[in-house]
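Undergrad: Contents of query-v5.txt (compact mmCIF, C-alpha atoms and all ligand atoms) are below:
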```
# COMPACT_ATOMS: atom_id res chain seq x y z
CA MET O 1 0.00 0.00 0.00
CA LYS O 2 2.81 2.32 0.98
CA LYS O 3 4.57 1.46 -2.30
CA LEU O 4 1.42 2.16 -4.32
CA PHE O 5 0.97 5.53 -2.63
CA PHE O 6 4.61 6.35 -3.35
CA ALA O 7 4.25 5.41 -7.05
CA LEU O 8 1.07 7.48 -7.33
CA ALA O 9 2.79 10.46 -5.76
CA ILE O 10 5.64 10.20 -8.29
CA CYS O 11 3.19 9.98 -11.20
CA LEU O 12 1.25 13.00 -9.94
CA PHE O 13 4.49 14.95 -9.50
CA ALA O 14 5.65 14.08 -13.03
CA ALA O 15 2.27 14.96 -14.51
CA THR O 16 2.16 18.38 -12.86
CA SER O 17 5.80 19.26 -13.52
CA CYS O 18 6.39 21.79 -16.25
CA CYS O 19 9.36 19.84 -17.56
CA ASN O 20 11.94 17.27 -16.66
CA GLU O 21 14.58 19.91 -16.09
CA CYS O 22 13.52 21.80 -12.98
CA LYS O 23 10.35 19.95 -11.92
CA LYS O 24 8.52 23.20 -11.22
CA THR O 25 4.76 23.07 -11.40
CA THR O 26 4.47 26.52 -12.92
CA LYS O 27 6.11 27.66 -16.13
CA CYS O 28 9.44 29.42 -15.79
CA ASP O 29 11.79 30.82 -18.42
CA THR O 30 14.52 28.27 -17.80
CA CYS O 31 12.47 25.09 -17.79
CA CYS O 32 10.23 26.08 -20.66
CA GLU O 33 13.29 26.91 -22.75
CA ALA O 34 14.50 23.38 -22.11
CA GLU O 35 11.11 22.07 -23.18
CA ASN O 36 11.11 23.92 -26.49
CA PRO O 37 13.36 21.99 -28.88
CA VAL O 38 13.86 24.94 -31.23
CA ILE O 39 14.90 27.36 -28.49
CA GLU O 40 16.96 24.62 -26.90
CA ALA O 41 18.85 24.06 -30.18
CA ILE O 42 19.42 27.79 -30.67
CA MET O 43 20.79 28.25 -27.16
CA ALA O 44 22.91 25.09 -27.18
CA ARG O 45 24.51 25.59 -30.62
CA ARG O 46 28.15 26.66 -30.53
CA SER O 47 30.77 26.88 -33.24
CA ILE O 48 32.66 23.59 -33.22
CA ARG O 49 36.30 23.47 -34.27
CA ALA O 50 37.18 19.94 -33.14
CA TYR O 51 35.45 16.86 -34.58
CA THR O 52 35.70 13.12 -34.17
CA ASP O 53 36.62 11.07 -37.25
CA GLU O 54 33.10 9.63 -37.45
CA ALA O 55 31.59 10.22 -40.87
CA VAL O 56 28.26 12.00 -41.18
CA SER O 57 25.74 9.93 -43.12
CA ARG O 58 24.42 11.30 -46.41
CA GLU O 59 20.94 10.90 -45.00
CA LEU O 60 21.75 13.48 -42.33
CA LEU O 61 23.61 15.74 -44.75
CA ASP O 62 20.61 15.61 -47.11
CA LYS O 63 18.29 16.59 -44.28
CA ILE O 64 20.55 19.50 -43.27
CA ALA O 65 20.77 20.76 -46.86
CA GLU O 66 17.02 20.47 -47.28
CA CYS O 67 16.49 22.51 -44.11
CA GLY O 68 18.90 25.06 -45.62
CA ILE O 69 16.93 25.57 -48.81
CA ASN O 70 13.75 25.93 -46.80
CA ALA O 71 15.05 29.15 -45.26
CA PRO O 72 13.15 32.34 -45.97
CA ASN O 73 14.65 34.20 -48.93
CA GLY O 74 13.82 37.40 -50.77
CA MET O 75 10.83 36.91 -53.10
CA ASN O 76 11.57 33.18 -52.96
CA ALA O 77 14.09 33.84 -55.74
CA GLN O 78 16.42 31.12 -54.35
CA GLN O 79 19.52 32.62 -55.92
CA TRP O 80 21.73 30.13 -54.17
CA GLU O 81 23.48 26.83 -54.84
CA VAL O 82 24.72 24.23 -52.41
CA ARG O 83 27.58 21.75 -52.75
CA ILE O 84 28.17 19.08 -50.13
CA VAL O 85 31.68 17.64 -49.70
CA ASP O 86 32.10 14.59 -47.50
CA SER O 87 35.21 13.32 -49.26
CA LYS O 88 38.25 13.32 -46.97
CA GLU O 89 40.40 13.27 -50.09
CA TRP O 90 38.81 16.48 -51.41
CA LEU O 91 39.14 18.25 -48.05
CA ASP O 92 42.76 17.07 -47.64
CA ASN O 93 43.67 18.11 -51.19
CA ALA O 94 42.22 21.59 -50.68
CA THR O 95 44.11 21.85 -47.39
CA ALA O 96 47.37 20.70 -49.00
CA ALA O 97 47.03 23.32 -51.77
CA TYR O 98 46.28 26.00 -49.18
CA ARG O 99 49.23 24.89 -47.06
CA GLU O 100 51.57 25.08 -50.03
CA ASP O 101 50.31 28.53 -51.00
CA VAL O 102 50.69 30.10 -47.52
CA LYS O 103 54.17 28.69 -46.90
CA GLY O 104 56.32 31.25 -45.08
CA THR O 105 53.34 33.43 -44.03
CA PRO O 106 51.80 33.77 -40.51
CA ALA O 107 48.90 31.55 -41.70
CA GLU O 108 51.31 28.62 -41.54
CA LYS O 109 51.12 28.64 -37.73
CA GLN O 110 47.74 26.87 -37.70
CA PHE O 111 49.27 23.68 -39.12
CA GLU O 112 51.43 23.32 -35.99
CA GLU O 113 48.38 22.81 -33.78
CA PRO O 114 48.32 19.12 -32.76
CA SER O 115 44.55 19.00 -33.33
CA PHE O 116 44.85 20.32 -36.92
CA LYS O 117 43.09 18.11 -39.48
CA ASN O 118 42.02 20.42 -42.28
CA MET O 119 41.51 24.06 -43.22
CA PHE O 120 37.76 23.79 -42.57
CA ARG O 121 38.17 23.84 -38.80
CA ASN O 122 38.74 20.09 -38.96
CA ALA O 123 35.19 19.21 -40.04
CA PRO O 124 34.73 15.86 -41.86
CA ALA O 125 31.98 17.31 -44.06
CA VAL O 126 31.64 20.79 -45.49
CA ILE O 127 28.65 22.40 -47.18
CA PHE O 128 29.53 25.22 -49.56
CA VAL O 129 26.98 27.92 -50.32
CA ALA O 130 27.22 30.20 -53.34
CA HIS O 131 24.93 33.06 -54.33
CA LYS O 132 24.14 34.84 -57.54
CA PRO O 133 24.87 38.39 -56.34
CA GLY O 134 21.69 40.40 -56.23
CA HIS O 135 19.20 42.11 -53.97
CA CYS O 136 19.49 40.46 -50.50
CA THR O 137 21.14 37.24 -51.71
CA GLN O 138 23.81 37.44 -49.01
CA VAL O 139 21.10 37.71 -46.35
CA ASP O 140 19.33 34.73 -47.93
CA CYS O 141 22.50 32.64 -47.68
CA GLY O 142 23.01 33.70 -44.05
CA LEU O 143 19.51 32.55 -43.21
CA MET O 144 20.18 29.30 -45.08
CA ALA O 145 23.35 28.80 -43.03
CA GLY O 146 21.42 29.42 -39.81
CA ASN O 147 18.84 26.80 -40.75
CA MET O 148 21.57 24.29 -41.58
CA MET O 149 23.41 24.80 -38.30
CA LEU O 150 20.26 24.51 -36.21
CA ALA O 151 19.23 21.40 -38.13
CA ALA O 152 22.69 19.93 -37.47
CA GLN O 153 22.37 20.78 -33.78
CA SER O 154 18.97 19.11 -33.57
CA LEU O 155 20.43 15.97 -35.19
CA GLY O 156 23.20 15.69 -32.60
CA LEU O 157 25.86 17.17 -34.88
CA GLY O 158 28.27 20.04 -34.37
CA SER O 159 28.77 22.76 -36.98
CA ILE O 160 30.59 25.95 -37.80
CA CYS O 161 29.90 28.72 -40.29
CA MET O 162 33.09 29.85 -42.06
CA MET O 163 33.99 32.64 -44.41
CA GLY O 164 37.72 32.49 -43.74
CA PRO O 165 38.46 29.51 -46.04
CA LEU O 166 36.51 31.19 -48.85
CA MET O 167 38.90 34.16 -48.78
CA TRP O 168 41.65 31.86 -49.99
CA LEU O 169 39.48 29.60 -52.13
CA ASN O 170 38.16 32.64 -54.02
CA SER O 171 41.72 33.79 -54.73
CA GLU O 172 43.64 32.78 -57.85
CA ALA O 173 45.39 29.95 -56.00
CA GLY O 174 42.09 28.42 -54.93
CA GLU O 175 40.50 28.60 -58.37
CA PRO O 176 40.91 24.91 -59.37
CA ILE O 177 39.43 23.80 -56.06
CA ILE O 178 36.42 26.09 -56.38
CA ALA O 179 36.00 24.95 -59.99
CA SER O 180 35.75 21.35 -58.79
CA LEU O 181 32.64 22.31 -56.79
CA GLY O 182 30.85 22.92 -60.08
CA PHE O 183 28.81 25.98 -59.20
CA SER O 184 26.83 27.43 -62.09
CA GLU O 185 28.07 30.41 -64.10
CA GLY O 186 27.50 33.68 -62.22
CA TYR O 187 27.41 32.10 -58.77
CA GLU O 188 29.96 33.20 -56.16
CA PRO O 189 30.92 30.99 -53.21
CA LEU O 190 30.05 32.97 -50.08
CA LEU O 191 30.41 30.76 -47.05
CA CYS O 192 30.78 27.19 -45.95
CA ILE O 193 29.43 25.17 -43.05
CA GLY O 194 31.57 22.53 -41.40
CA ILE O 195 29.55 19.60 -40.06
CA GLY O 196 30.54 16.63 -37.94
CA TYR O 197 30.35 14.95 -34.56
CA ALA O 198 31.69 17.40 -32.01
CA ASP O 199 34.86 16.55 -30.12
CA GLU O 200 34.60 19.60 -27.87
CA GLN O 201 31.95 21.42 -25.89
CA PRO O 202 32.87 25.09 -25.99
CA ASP O 203 31.15 27.50 -23.62
CA ALA O 204 28.88 30.13 -25.08
CA ARG O 205 30.74 33.24 -26.10
CA PRO O 206 29.36 36.30 -24.28
CA ARG O 207 26.52 38.16 -25.93
CA ASN O 208 25.78 41.83 -25.34
CA LYS O 209 22.14 42.04 -24.30
CA GLU O 210 22.37 45.85 -24.24
CA VAL O 211 21.86 45.87 -28.01
CA ILE O 212 18.24 44.86 -27.46
CA LYS O 213 15.92 47.75 -26.61
CA TYR O 214 12.18 48.25 -26.61
CA VAL O 215 10.88 51.39 -28.25
CA GLU O 216 7.87 52.72 -26.32
C1 LIG O 301 29.39 34.76 -41.35
C2 LIG O 301 30.28 34.04 -40.38
C3 LIG O 301 31.59 33.75 -40.71
C4 LIG O 301 32.41 33.05 -39.83
N1 LIG O 301 33.67 32.69 -40.22
C5 LIG O 301 34.44 31.96 -39.40
C6 LIG O 301 35.71 31.49 -39.83
O1 LIG O 301 36.14 31.72 -40.95
N2 LIG O 301 36.44 30.74 -38.97
C7 LIG O 301 35.99 30.44 -37.70
O2 LIG O 301 36.70 29.76 -36.96
N3 LIG O 301 34.77 30.86 -37.27
C8 LIG O 301 33.98 31.59 -38.07
N4 LIG O 301 32.73 31.99 -37.67
C9 LIG O 301 32.23 31.58 -36.35
C10 LIG O 301 32.17 32.76 -35.36
O3 LIG O 301 33.48 33.04 -34.92
C11 LIG O 301 31.26 32.39 -34.18
O4 LIG O 301 29.95 32.19 -34.66
C12 LIG O 301 31.22 33.47 -33.09
O5 LIG O 301 32.48 33.61 -32.48
C13 LIG O 301 30.20 33.16 -32.00
O6 LIG O 301 30.46 31.90 -31.40
P1 LIG O 301 29.35 30.75 -31.40
O7 LIG O 301 29.03 30.43 -32.84
O8 LIG O 301 30.00 29.59 -30.71
O9 LIG O 301 28.15 31.24 -30.66
C14 LIG O 301 31.91 32.68 -38.55
C15 LIG O 301 30.58 32.97 -38.23
C16 LIG O 301 29.78 33.62 -39.12
C17 LIG O 301 28.33 33.87 -38.76
```
Go ahead and render the structure in this file as C-alpha cells.
Ligand SMILES: Cc1cc2nc3c(=O)[nH]c(=O)nc-3n(C[C@H](O)[C@H](O)[C@H](O)COP(=O)(O)O)c2cc1C

TA:
Amino acid sequence: MKKLFFALAICLFAATSCCNECKKTTKCDTCCEAENPVIEAIMARRSIRAYTDEAVSRELLDKIAECGINAPNGMNAQQWEVRIVDSKEWLDNATAAYREDVKGTPAEKQFEEPSFKNMFRNAPAVIFVAHKPGHCTQVDCGLMAGNMMLAAQSLGLGSICMMGPLMWLNSEAGEPIIASLGFSEGYEPLLCIGIGYADEQPDARPRNKEVIKYVE
C-alpha cells in the first residue's frame, strides 16, 4: 500500500511538472526553454572546431541541406546553390594546396596545432553555399546557413559557419578547387558550413544584451 501511494505520488508529480529539467509546477523561463526543442537548439549551438573522425551519413547531410533551402529568402528567388563535400580526399587536397600557398606566411602557424586536421576547422563534411549576387542574396545565404546549423544541432551534430576559407578559395590559388565544386556560371561561393560529430563542448561566447531595446 505504501509502495502504491509512493508510485502514485511520483506519477502526480511528473504529470504536474512543467518539464523534466527543474520539476517546477508553474512555467518558468529556464524550464520552458529546455522544453522547447527549437529554443533549446538555438541556445545550445556553438561553433565547433574539433570533430571526431566519425563520418556524417548522407541521410543526415541531405536533411541538413534540405532545411537550408527551406530558409526564408527574398521573393523566394532562391539565388543560391549548395555543394556538399564529404570526401576526406577532397578536403585534404584543398588543405594541401592552401598549405603550399601560404608557406612562409603567418597563416602557416595553424598547421602546428596538434589538433589540426584540415583548413575547414577540422570538419569531416563541409557544405559550400554560393549566391548569384543580387538584392538580399547574401542575407538569404546567411539565413540558409542558420537553418543548416540549427538542423545539425537538432540531429546531434556540431557545426561551424566559415567565411575564412573562402577568402583563400576565391583567390587565384584556390581557383581549381572552387572549380571542382561545379557551381553554375554567375554564382559566387560565399560561405561554408563545417559539419561533424563534435569533439569539444565550448562555452557560449558572451553576448551583449544591451543591443536589445524596446521602443515605447
Ligand atoms: C558569417 C560568419 C563567418 C564566420 N567565419 C568563421 C571562420 O572563418 N572561422 C571560424 O573559426 N569561425 C567563423 N565563424 C564563427 C564565429 O566566430 C562564431 O559564430 C562566433 O564567435 C560566435 O560563437 P558561437 O558560434 O560559438 O556562438 C563565422 C561565423 C559567421 C556567422

Undergrad: Which residue is closest to O:Met148? Choose from O:Val211, O:Ala130, O:Met75, O:Ile64 and count all atoms listed in the file.

TA: O:Ile64

Undergrad: Could you report the residues within 10 Å of ligand LIG 301 (chain O), using all atoms listed in the file, as a ChimeraX atom specification?

TA: /O:42-49,119-121,138,141-143,145-146,149,159-167,190-194,201-207

Undergrad: Give me the residues within 12 Å of stretch 102-104 of chain O as a PyMOL selection string, counting only C-alpha atoms and dropping any in the same chain fewer than 5 places off.

TA: chain O and resi 95-97+109-111+119+168+173-174

Undergrad: Report, in Å with one decimal, the straight-line distance from atom CA of O:Glu188 to atom CA of O:Leu150.

TA: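 Between atom CA of O:Glu188 and atom CA of O:Leu150 the gap is 23.8 Å.
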
Undergrad: Could you check how far atom CA of O:Pro37 sits from atom CA of O:Asn70, in Å to one decimal?

TA: 18.4 Å

Undergrad: Excluding O:Asp199 and its own-chain neighbours fewer than 3 positions away, which residues fall within 7 Å of it when counting all atoms listed in the file? Please give them as a list in words.

TA: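 Counting only the stated atoms, we get Ala50, Tyr51 and Thr52 of chain O.
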
Undergrad: Considering all atoms listed in the file, can you say which of O:Glu40, O:Asp101, O:Glu54, O:Glu35 comes closest to O:Ala198?

TA: O:Glu54

Undergrad: Which of these residues is nearest to O:Asn36, using only C-alpha atoms: O:Asn76, O:Asp53, O:Ala94, O:Ser154?

TA: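 Result for the nearest residue to O:Asn36: O:Ser154.
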
Undergrad: Atom CA of O:Tyr197 and atom CA of O:Gly158 are how many Å apart?

TA: 5.5 Å

Undergrad: For O:Cys136, which residue among O:Ser115, O:Pro124, O:Ile177, O:Ala77 is the nearest when counting all atoms listed in the file?

TA: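 Checking each of O:Ser115, O:Pro124, O:Ile177, O:Ala77 against O:Cys136, counting all atoms listed in the file, the winner is O:Ala77.
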
Undergrad: Mind checking which residues fall within 6 Å of stretch 79-88 of chain O, counting only C-alpha atoms, ignoring those fewer than 6 positions away in the same chain, and posting them as an MDAnalysis selection string?

TA: chainID O and resid 125:132

Undergrad: Rank O:Pro189, O:Glu113, O:Val38, O:Tyr214 by their smallest atom-to-atom distance to O:Glu175, using all atoms listed in the file, and report the top residue only.

TA: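 Under the stated criterion, the closest residue is O:Pro189.
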
Undergrad: Between O:Leu60, O:Leu155, O:Ala65, O:Ile178, single out the one closest to O:Trp90, counting all atoms listed in the file.

TA: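 Ranking O:Leu60, O:Leu155, O:Ala65, O:Ile178 by distance to O:Trp90, first place goes to O:Ile178.
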
Undergrad: Mind dumping stretch 68-187 of chain O from that block, keeping C-alpha atoms, as a CSV table (one decimal), in the first residue's frame?

TA:
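Dumped to selection.csv:
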```csv
chain,number,residue,atom,x,y,z
O,68,GLY,CA,18.9,25.1,-45.6
O,69,ILE,CA,16.9,25.6,-48.8
O,70,ASN,CA,13.7,25.9,-46.8
O,71,ALA,CA,15.0,29.2,-45.3
O,72,PRO,CA,13.1,32.3,-46.0
O,73,ASN,CA,14.6,34.2,-48.9
O,74,GLY,CA,13.8,37.4,-50.8
O,75,MET,CA,10.8,36.9,-53.1
O,76,ASN,CA,11.6,33.2,-53.0
O,77,ALA,CA,14.1,33.8,-55.7
O,78,GLN,CA,16.4,31.1,-54.4
O,79,GLN,CA,19.5,32.6,-55.9
O,80,TRP,CA,21.7,30.1,-54.2
O,81,GLU,CA,23.5,26.8,-54.8
O,82,VAL,CA,24.7,24.2,-52.4
O,83,ARG,CA,27.6,21.7,-52.8
O,84,ILE,CA,28.2,19.1,-50.1
O,85,VAL,CA,31.7,17.6,-49.7
O,86,ASP,CA,32.1,14.6,-47.5
O,87,SER,CA,35.2,13.3,-49.3
O,88,LYS,CA,38.2,13.3,-47.0
O,89,GLU,CA,40.4,13.3,-50.1
O,90,TRP,CA,38.8,16.5,-51.4
O,91,LEU,CA,39.1,18.3,-48.0
O,92,ASP,CA,42.8,17.1,-47.6
O,93,ASN,CA,43.7,18.1,-51.2
O,94,ALA,CA,42.2,21.6,-50.7
O,95,THR,CA,44.1,21.9,-47.4
O,96,ALA,CA,47.4,20.7,-49.0
O,97,ALA,CA,47.0,23.3,-51.8
O,98,TYR,CA,46.3,26.0,-49.2
O,99,ARG,CA,49.2,24.9,-47.1
O,100,GLU,CA,51.6,25.1,-50.0
O,101,ASP,CA,50.3,28.5,-51.0
O,102,VAL,CA,50.7,30.1,-47.5
O,103,LYS,CA,54.2,28.7,-46.9
O,104,GLY,CA,56.3,31.3,-45.1
O,105,THR,CA,53.3,33.4,-44.0
O,106,PRO,CA,51.8,33.8,-40.5
O,107,ALA,CA,48.9,31.5,-41.7
O,108,GLU,CA,51.3,28.6,-41.5
O,109,LYS,CA,51.1,28.6,-37.7
O,110,GLN,CA,47.7,26.9,-37.7
O,111,PHE,CA,49.3,23.7,-39.1
O,112,GLU,CA,51.4,23.3,-36.0
O,113,GLU,CA,48.4,22.8,-33.8
O,114,PRO,CA,48.3,19.1,-32.8
O,115,SER,CA,44.6,19.0,-33.3
O,116,PHE,CA,44.8,20.3,-36.9
O,117,LYS,CA,43.1,18.1,-39.5
O,118,ASN,CA,42.0,20.4,-42.3
O,119,MET,CA,41.5,24.1,-43.2
O,120,PHE,CA,37.8,23.8,-42.6
O,121,ARG,CA,38.2,23.8,-38.8
O,122,ASN,CA,38.7,20.1,-39.0
O,123,ALA,CA,35.2,19.2,-40.0
O,124,PRO,CA,34.7,15.9,-41.9
O,125,ALA,CA,32.0,17.3,-44.1
O,126,VAL,CA,31.6,20.8,-45.5
O,127,ILE,CA,28.6,22.4,-47.2
O,128,PHE,CA,29.5,25.2,-49.6
O,129,VAL,CA,27.0,27.9,-50.3
O,130,ALA,CA,27.2,30.2,-53.3
O,131,HIS,CA,24.9,33.1,-54.3
O,132,LYS,CA,24.1,34.8,-57.5
O,133,PRO,CA,24.9,38.4,-56.3
O,134,GLY,CA,21.7,40.4,-56.2
O,135,HIS,CA,19.2,42.1,-54.0
O,136,CYS,CA,19.5,40.5,-50.5
O,137,THR,CA,21.1,37.2,-51.7
O,138,GLN,CA,23.8,37.4,-49.0
O,139,VAL,CA,21.1,37.7,-46.4
O,140,ASP,CA,19.3,34.7,-47.9
O,141,CYS,CA,22.5,32.6,-47.7
O,142,GLY,CA,23.0,33.7,-44.1
O,143,LEU,CA,19.5,32.5,-43.2
O,144,MET,CA,20.2,29.3,-45.1
O,145,ALA,CA,23.3,28.8,-43.0
O,146,GLY,CA,21.4,29.4,-39.8
O,147,ASN,CA,18.8,26.8,-40.8
O,148,MET,CA,21.6,24.3,-41.6
O,149,MET,CA,23.4,24.8,-38.3
O,150,LEU,CA,20.3,24.5,-36.2
O,151,ALA,CA,19.2,21.4,-38.1
O,152,ALA,CA,22.7,19.9,-37.5
O,153,GLN,CA,22.4,20.8,-33.8
O,154,SER,CA,19.0,19.1,-33.6
O,155,LEU,CA,20.4,16.0,-35.2
O,156,GLY,CA,23.2,15.7,-32.6
O,157,LEU,CA,25.9,17.2,-34.9
O,158,GLY,CA,28.3,20.0,-34.4
O,159,SER,CA,28.8,22.8,-37.0
O,160,ILE,CA,30.6,25.9,-37.8
O,161,CYS,CA,29.9,28.7,-40.3
O,162,MET,CA,33.1,29.9,-42.1
O,163,MET,CA,34.0,32.6,-44.4
O,164,GLY,CA,37.7,32.5,-43.7
O,165,PRO,CA,38.5,29.5,-46.0
O,166,LEU,CA,36.5,31.2,-48.8
O,167,MET,CA,38.9,34.2,-48.8
O,168,TRP,CA,41.7,31.9,-50.0
O,169,LEU,CA,39.5,29.6,-52.1
O,170,ASN,CA,38.2,32.6,-54.0
O,171,SER,CA,41.7,33.8,-54.7
O,172,GLU,CA,43.6,32.8,-57.8
O,173,ALA,CA,45.4,30.0,-56.0
O,174,GLY,CA,42.1,28.4,-54.9
O,175,GLU,CA,40.5,28.6,-58.4
O,176,PRO,CA,40.9,24.9,-59.4
O,177,ILE,CA,39.4,23.8,-56.1
O,178,ILE,CA,36.4,26.1,-56.4
O,179,ALA,CA,36.0,25.0,-60.0
O,180,SER,CA,35.8,21.4,-58.8
O,181,LEU,CA,32.6,22.3,-56.8
O,182,GLY,CA,30.8,22.9,-60.1
O,183,PHE,CA,28.8,26.0,-59.2
O,184,SER,CA,26.8,27.4,-62.1
O,185,GLU,CA,28.1,30.4,-64.1
O,186,GLY,CA,27.5,33.7,-62.2
O,187,TYR,CA,27.4,32.1,-58.8
```
